[in-house]
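Next up, structure02.txt (compact mmCIF, C-alpha atoms):
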# COMPACT_ATOMS: atom_id res chain seq x y z
CA MET A 1 -0.43 33.15 -4.33
CA MET A 2 2.90 34.91 -3.82
CA PHE A 3 5.41 33.64 -1.32
CA HIS A 4 8.83 34.60 -0.11
CA GLN A 5 11.54 32.05 -0.69
CA LYS A 6 14.23 32.49 1.95
CA SER A 7 16.81 30.07 0.69
CA ILE A 8 17.29 27.05 -1.49
CA ARG A 9 20.09 24.59 -1.26
CA VAL A 10 20.58 21.71 -3.60
CA VAL A 11 23.51 19.36 -3.75
CA VAL A 12 23.59 16.57 -6.26
CA THR A 13 25.69 13.44 -5.76
CA MET A 14 26.25 11.00 -8.60
CA PHE A 15 26.97 7.31 -8.13
CA ILE A 16 27.15 4.40 -10.58
CA GLY A 17 23.75 3.62 -12.05
CA PHE A 18 21.88 6.17 -9.90
CA ILE A 19 21.52 9.89 -9.22
CA ILE A 20 20.90 11.01 -5.66
CA THR A 21 20.49 14.49 -4.21
CA GLY A 22 22.06 15.18 -0.88
CA CYS A 23 22.66 17.98 1.55
CA SER A 24 25.45 20.19 2.75
CA PHE A 25 25.44 18.34 6.08
CA PRO A 26 26.71 14.77 6.72
CA VAL A 27 24.62 12.06 5.07
CA ALA A 28 24.60 8.39 6.07
CA THR A 29 25.41 6.13 3.12
CA PRO A 30 22.16 4.36 2.17
CA ALA A 31 21.70 0.90 0.72
CA THR A 32 21.49 0.90 -3.07
CA PRO A 33 18.08 -0.15 -4.45
CA SER A 34 18.05 -2.79 -7.19
CA PRO A 35 17.59 -1.22 -10.65
CA ASN A 36 15.39 -2.61 -13.38
CA PRO A 37 17.81 -3.87 -16.05
CA GLU A 38 15.27 -3.28 -18.82
CA LEU A 39 15.27 0.44 -18.28
CA ILE A 40 17.78 2.36 -20.38
CA TYR A 41 17.61 5.39 -18.15
CA THR A 42 17.44 4.71 -14.41
CA LEU A 43 17.01 7.49 -11.90
CA ALA A 44 17.14 5.73 -8.57
CA ALA A 45 16.58 8.51 -6.12
CA GLU A 46 16.85 12.16 -5.35
CA THR A 47 16.05 14.57 -2.57
CA VAL A 48 15.88 18.33 -2.82
CA GLN A 49 15.54 20.63 0.15
CA ALA A 50 14.17 24.13 -0.27
CA GLN A 51 13.37 26.46 2.59
CA LEU A 52 10.02 28.18 2.09
CA THR A 53 7.66 30.33 4.09
CA GLN A 54 4.58 28.29 3.17
CA ASN A 55 3.65 24.62 3.75
CA GLU A 56 1.15 21.49 3.50
CA ILE A 57 -0.03 17.56 4.28
CA LEU A 58 -2.77 14.73 4.39
CA GLY A 59 -5.56 11.94 5.74
CA THR A 60 -8.76 8.26 5.91
CA ASP A 61 -10.30 5.67 8.21
CA THR A 62 -10.06 1.87 8.33
CA PRO A 63 -13.46 0.10 8.09
CA VAL A 64 -14.58 -2.21 10.90
CA PRO A 65 -14.96 -5.87 9.79
CA ALA A 66 -18.33 -7.64 10.15
CA ALA A 67 -19.01 -9.40 13.45
CA PRO A 68 -19.78 -13.14 13.03
CA GLU A 69 -23.25 -14.45 13.81
CA GLY A 70 -23.46 -17.12 16.55
CA THR A 71 -26.21 -19.43 17.91
CA LEU A 72 -26.36 -21.05 21.36
CA GLU A 73 -28.62 -24.13 21.70
CA SER A 74 -29.43 -26.34 24.73
CA ASP A 75 -31.47 -29.55 24.45
CA LEU A 76 -33.08 -31.53 27.28
CA PRO A 77 -32.78 -35.38 27.24
CA THR A 78 -35.30 -37.04 24.92
CA ASN A 79 -36.41 -39.53 27.63
CA THR A 80 -38.02 -36.84 29.75
CA PRO A 81 -41.59 -35.62 29.34
CA THR A 82 -40.37 -32.06 29.59
CA PRO A 83 -40.43 -30.55 26.09
CA THR A 84 -37.18 -29.57 24.49
CA SER A 85 -36.40 -25.88 24.80
CA THR A 86 -34.03 -24.03 22.56
CA ALA A 87 -32.46 -20.68 23.41
CA THR A 88 -30.86 -18.76 20.60
CA ALA A 89 -28.53 -15.80 21.12
CA SER A 90 -27.31 -13.97 18.09
CA GLN A 91 -25.02 -11.01 17.56
CA THR A 92 -26.25 -8.23 15.35
CA PRO A 93 -24.19 -8.39 12.14
CA THR A 94 -21.99 -5.37 11.50
CA GLN A 95 -21.94 -4.35 7.87
CA THR A 96 -18.47 -4.12 6.38
CA LEU A 97 -17.83 -0.63 5.03
CA VAL A 98 -16.73 -0.65 1.40
CA PRO A 99 -15.52 2.70 0.09
CA THR A 100 -17.61 4.06 -2.74
CA LEU A 101 -15.43 5.25 -5.58
CA ALA A 102 -16.23 8.57 -7.19
CA ASP A 103 -17.61 8.35 -10.71
CA GLU A 104 -14.56 10.18 -12.04
CA ASP A 105 -12.03 8.01 -10.16
CA PRO A 106 -9.39 7.06 -12.79
CA ILE A 107 -8.90 3.54 -11.42
CA LEU A 108 -12.46 2.65 -12.46
CA LYS A 109 -11.55 2.81 -16.14
CA LEU A 110 -7.80 2.14 -16.18
CA GLY A 111 -7.88 -1.42 -14.81
CA ASN A 112 -4.77 -3.02 -13.36
CA PRO A 113 -1.78 -0.70 -12.87
CA SER A 114 1.27 -0.94 -15.11
CA TRP A 115 3.45 -0.88 -11.98
CA SER A 116 2.84 -0.81 -8.25
CA THR A 117 4.61 -1.31 -4.94
CA THR A 118 3.47 -1.96 -1.38
CA PHE A 119 6.95 -1.31 0.05
CA LYS A 120 7.89 -4.78 1.24
CA ASP A 121 11.52 -3.71 0.80
CA ASP A 122 13.55 -0.80 -0.62
CA SER A 123 14.10 -2.31 -4.07
CA THR A 124 11.76 0.21 -5.74
CA TRP A 125 12.43 3.35 -3.67
CA TYR A 126 15.54 5.04 -2.39
CA THR A 127 15.86 5.23 1.40
CA PHE A 128 18.20 7.49 3.37
CA GLU A 129 18.49 9.71 6.43
CA THR A 130 19.96 13.18 7.03
CA ASP A 131 19.63 15.68 9.87
CA GLN A 132 16.67 17.19 7.99
CA THR A 133 14.66 14.15 6.95
CA SER A 134 14.46 10.39 6.63
CA PHE A 135 12.87 7.96 4.20
CA GLU A 136 12.72 4.41 5.60
CA ILE A 137 10.81 1.19 4.90
CA GLU A 138 8.87 0.12 7.99
CA ASP A 139 5.95 -2.34 8.23
CA ASN A 140 5.30 -2.40 4.46
CA ALA A 141 5.28 1.39 4.15
CA LEU A 142 7.63 4.15 3.07
CA VAL A 143 7.81 6.24 6.24
CA MET A 144 8.76 9.85 5.49
CA THR A 145 9.79 12.08 8.40
CA ALA A 146 10.43 15.83 8.31
CA LYS A 147 12.56 16.27 11.42
CA LYS A 148 12.46 20.07 11.53
CA SER A 149 9.49 22.40 11.12
CA ASN A 150 11.41 24.71 8.78
CA SER A 151 9.38 24.31 5.56
CA TYR A 152 12.09 22.42 3.70
CA GLU A 153 10.89 20.24 0.83
CA ASN A 154 12.59 16.84 0.95
CA TRP A 155 11.98 14.10 -1.59
CA SER A 156 13.10 10.66 -2.69
CA MET A 157 12.52 8.96 -6.02
CA ALA A 158 11.55 5.62 -7.52
CA TRP A 159 13.27 4.34 -10.65
CA PRO A 160 10.62 4.33 -13.47
CA VAL A 161 10.71 7.12 -16.05
CA LEU A 162 7.26 8.11 -17.36
CA THR A 163 5.76 10.29 -20.09
CA ASP A 164 1.93 10.13 -20.06
CA PHE A 165 0.38 8.35 -17.09
CA TYR A 166 -1.89 8.26 -14.06
CA LEU A 167 0.20 8.18 -10.87
CA GLU A 168 -1.22 7.64 -7.38
CA VAL A 169 0.05 7.21 -3.82
CA THR A 170 -1.80 6.37 -0.61
CA GLY A 171 -0.44 8.10 2.48
CA THR A 172 -1.40 8.26 6.17
CA SER A 173 -0.46 11.15 8.44
CA GLY A 174 1.11 10.59 11.84
CA ASP A 175 -0.21 11.47 15.28
CA SER A 176 0.42 15.18 14.77
CA CYS A 177 -0.58 16.99 11.59
CA GLN A 178 -1.24 20.73 11.57
CA GLY A 179 -1.69 23.66 9.22
CA LYS A 180 0.54 23.52 6.18
CA ASP A 181 2.51 20.46 7.19
CA ARG A 182 2.38 18.62 3.89
CA TYR A 183 3.32 15.76 1.64
CA GLY A 184 2.86 14.94 -2.02
CA LEU A 185 4.21 13.84 -5.37
CA ILE A 186 7.05 15.00 -7.57
CA PHE A 187 6.74 13.81 -11.18
CA ARG A 188 8.13 14.26 -14.69
CA ALA A 189 11.48 15.03 -13.09
CA PRO A 190 14.03 14.92 -15.95
CA ASP A 191 16.91 15.19 -13.47
CA PRO A 192 17.39 15.69 -9.72
CA GLU A 193 16.87 19.43 -9.98
CA GLN A 194 13.60 19.76 -11.90
CA GLY A 195 10.00 18.57 -11.99
CA TYR A 196 6.37 19.15 -11.03
CA LEU A 197 5.13 18.96 -7.43
CA VAL A 198 1.59 18.55 -6.15
CA GLY A 199 0.99 18.43 -2.42
CA ILE A 200 -1.81 18.30 0.14
CA SER A 201 -1.76 19.82 3.61
CA CYS A 202 -3.08 18.95 7.06
CA ASP A 203 -5.60 21.77 6.93
CA GLY A 204 -7.22 20.43 3.73
CA SER A 205 -5.51 22.36 0.93
CA TYR A 206 -3.58 21.43 -2.21
CA ARG A 207 -1.01 23.24 -4.36
CA ILE A 208 0.73 22.65 -7.74
CA ARG A 209 4.21 23.95 -8.55
CA THR A 210 7.25 23.50 -10.78
CA TRP A 211 10.84 23.37 -9.53
CA ASP A 212 13.70 24.34 -11.86
CA GLY A 213 16.61 23.70 -9.51
CA GLU A 214 16.63 27.24 -8.15
CA ASN A 215 13.05 28.44 -7.85
CA PHE A 216 9.52 27.19 -7.35
CA GLU A 217 6.79 28.54 -9.61
CA GLU A 218 3.20 28.18 -8.51
CA LEU A 219 0.89 26.87 -11.21
CA ARG A 220 -1.94 26.84 -8.70
CA GLY A 221 -1.60 28.38 -5.24
CA TRP A 222 -3.15 26.90 -2.12
CA GLN A 223 -6.75 25.83 -2.70
CA SER A 224 -9.01 24.21 -0.11
CA SER A 225 -10.77 20.93 -0.94
CA GLU A 226 -13.55 19.11 0.87
CA HIS A 227 -12.16 15.84 -0.46
CA ILE A 228 -9.02 15.97 1.70
CA LEU A 229 -9.32 14.20 5.05
CA THR A 230 -7.63 16.58 7.48
CA GLY A 231 -5.60 16.24 10.65
CA GLU A 232 -3.70 13.40 12.26
CA ASP A 233 -4.05 9.67 11.52
CA GLN A 234 -5.85 10.23 8.24
CA THR A 235 -5.34 8.44 4.92
CA ASN A 236 -5.65 10.08 1.51
CA ARG A 237 -5.11 8.95 -2.06
CA LEU A 238 -3.35 11.59 -4.13
CA GLY A 239 -3.14 11.12 -7.89
CA VAL A 240 -2.26 12.95 -11.11
CA ILE A 241 -3.13 12.29 -14.73
CA VAL A 242 -0.46 13.73 -17.00
CA ASP A 243 -1.23 13.66 -20.72
CA GLY A 244 0.88 15.92 -22.90
CA SER A 245 0.60 19.38 -21.38
CA ASP A 246 -2.62 18.53 -19.49
CA ILE A 247 -2.30 17.88 -15.75
CA SER A 248 -5.31 16.74 -13.69
CA VAL A 249 -5.16 16.33 -9.91
CA TYR A 250 -7.30 13.77 -8.04
CA ILE A 251 -7.81 13.49 -4.29
CA ASN A 252 -9.47 10.31 -3.04
CA GLY A 253 -10.71 9.71 -6.57
CA HIS A 254 -12.25 13.18 -7.00
CA LEU A 255 -11.06 15.54 -9.72
CA VAL A 256 -10.06 18.80 -7.99
CA GLU A 257 -7.89 20.63 -10.53
CA GLU A 258 -7.04 20.79 -14.23
CA ILE A 259 -4.18 22.90 -15.57
CA GLN A 260 -1.94 23.05 -18.63
CA ASP A 261 1.83 23.38 -18.58
CA ASP A 262 4.58 22.13 -20.88
CA SER A 263 7.66 22.77 -18.71
CA TYR A 264 8.60 19.07 -18.53
CA SER A 265 7.62 16.29 -20.92
CA LYS A 266 8.88 13.18 -19.08
CA GLY A 267 10.88 12.04 -16.09
CA SER A 268 10.94 10.00 -12.91
CA PHE A 269 8.66 10.40 -9.89
CA GLY A 270 8.79 10.30 -6.13
CA THR A 271 7.26 11.56 -2.90
CA PHE A 272 8.09 14.60 -0.80
CA ILE A 273 7.43 15.82 2.73
CA ALA A 274 7.79 19.15 4.54
CA ALA A 275 6.78 20.48 7.94
CA GLU A 276 5.83 24.00 8.91
CA ASN A 277 4.21 23.37 12.30
CA THR A 278 5.23 19.90 13.47
CA PRO A 279 8.80 18.76 14.20
CA ASP A 280 9.18 15.06 13.32
CA PHE A 281 6.11 15.27 11.12
CA GLU A 282 5.53 11.80 9.70
CA VAL A 283 3.66 10.28 6.77
CA ALA A 284 3.51 6.56 5.91
CA VAL A 285 3.03 5.83 2.20
CA SER A 286 1.51 2.35 1.99
CA LYS A 287 1.07 2.08 -1.78
CA ALA A 288 2.30 3.68 -4.99
CA ALA A 289 1.20 2.80 -8.52
CA TYR A 290 1.06 4.15 -12.03
CA TRP A 291 -0.96 3.37 -15.14
CA ASP A 292 0.34 4.04 -18.64
CA LEU A 293 -2.32 5.97 -20.52
CA PRO A 294 -3.88 4.17 -23.50

So that I can check it, write out the structure of this file as structure tokens.
Amino acid sequence: MMFHQKSIRVVVTMFIGFIITGCSFPVATPATPSPNPELIYTLAAETVQAQLTQNEILGTDTPVPAAPEGTLESDLPTNTPTPTSTATASQTPTQTLVPTLADEDPILKLGNPSWSTTFKDDSTWYTFETDQTSFEIEDNALVMTAKKSNSYENWSMAWPVLTDFYLEVTGTSGDSCQGKDRYGLIFRAPDPEQGYLVGISCDGSYRIRTWDGENFEELRGWQSSEHILTGEDQTNRLGVIVDGSDISVYINGHLVEEIQDDSYSKGSFGTFIAAENTPDFEVAVSKAAYWDLP
């Protein structure tokens, strides 16, 4: 799918121990996340903003817990000739809904993740705010907000650097989610200006691209998928297996795309957000994890 790229602006700011991308407008100084001392190369965070004419975003439901069963009994005194009567009232048990994983879901065979976070603090992810976007930790989630519906891609990074892996995030859309409002993953980013991006949109589509610091290249244009839960207040799991030049995309455990590309061999990862239709479009990422491939 061809698209017209109106403008791209990238500003990179270096600080001790970390690399952060910024903007041409004033940026509030964020708190510095704690690095992992065992890592030789630490890329703490980065955000790139690119104005496009096309866009994307996400969605799932929380199961209702089982209702307890109760019994009410009344007994007459034993010294009366009237027989004892017992009345029993019971609630109909509600079955707890347990999601059924797809047969091809990578987590079925990969076991425990090599690394994961549930965002109890900002020690594993860079948080910041500009007049375009914000990335903040709230209620054990990384809350991403695209303030303007101008199709800018904005992202922030975690610190691990990966080569071959399965990477997955769980995100929930806010109370407004339309069209090509979108969110997703950036991965194998060797520096703040490069990497792969895979995103899902509010209308149930996904797309795969590369970013070289100046231009996006579509490896797979917008494709619809029945496995994406669409609209507002929906939760989706978005994952990628990257093994050499093979890239496989999973949505809620279902394999939806396989491509080959050798543009980038390793790098850090993060999450991005962009809005086309919804000012203050919001996504809460509740979990992120990766598995090193055997």

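Atom pair CA of Arg220 (chain A) / CA of Val198 (chain A) has a distance of 9.4 Å (rounded to one decimal).
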
Which is closer to Glu276 (chain A) than all the others in A:Phe216, A:Tyr206, A:Phe165, A:Tyr183, using only C-alpha atoms?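 Under the stated criterion, the closest residue is A:Tyr183.
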
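Between CA of Met157 (chain A) and CA of Leu293 (chain A) lies a distance of 21.0 Å.
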
Compile the contact shell of region 249-252 of chain A as a PyMOL selection string: residues with an atom at most 10 Å away, counting only C-alpha atoms, same-chain residues fewer than 4 positions apart removed. chain A and resi 59-60+101-102+104-106+166-168+170+198-200+206-208+225-229+235-242+256-259

Give me the residues near Ala289 (chain A) as JSON, numbers by chain, where near means some atom within 9 Å (using only C-alpha atoms) and where sequence neighbours in that chain fewer than 2 positions away do not count. {"A": [113, 114, 115, 116, 117, 118, 166, 167, 168, 169, 287, 291]}

In Å, how far is it from CA of Thr133 (chain A) to CA of Ile247 (chain A)? 28.6 Å
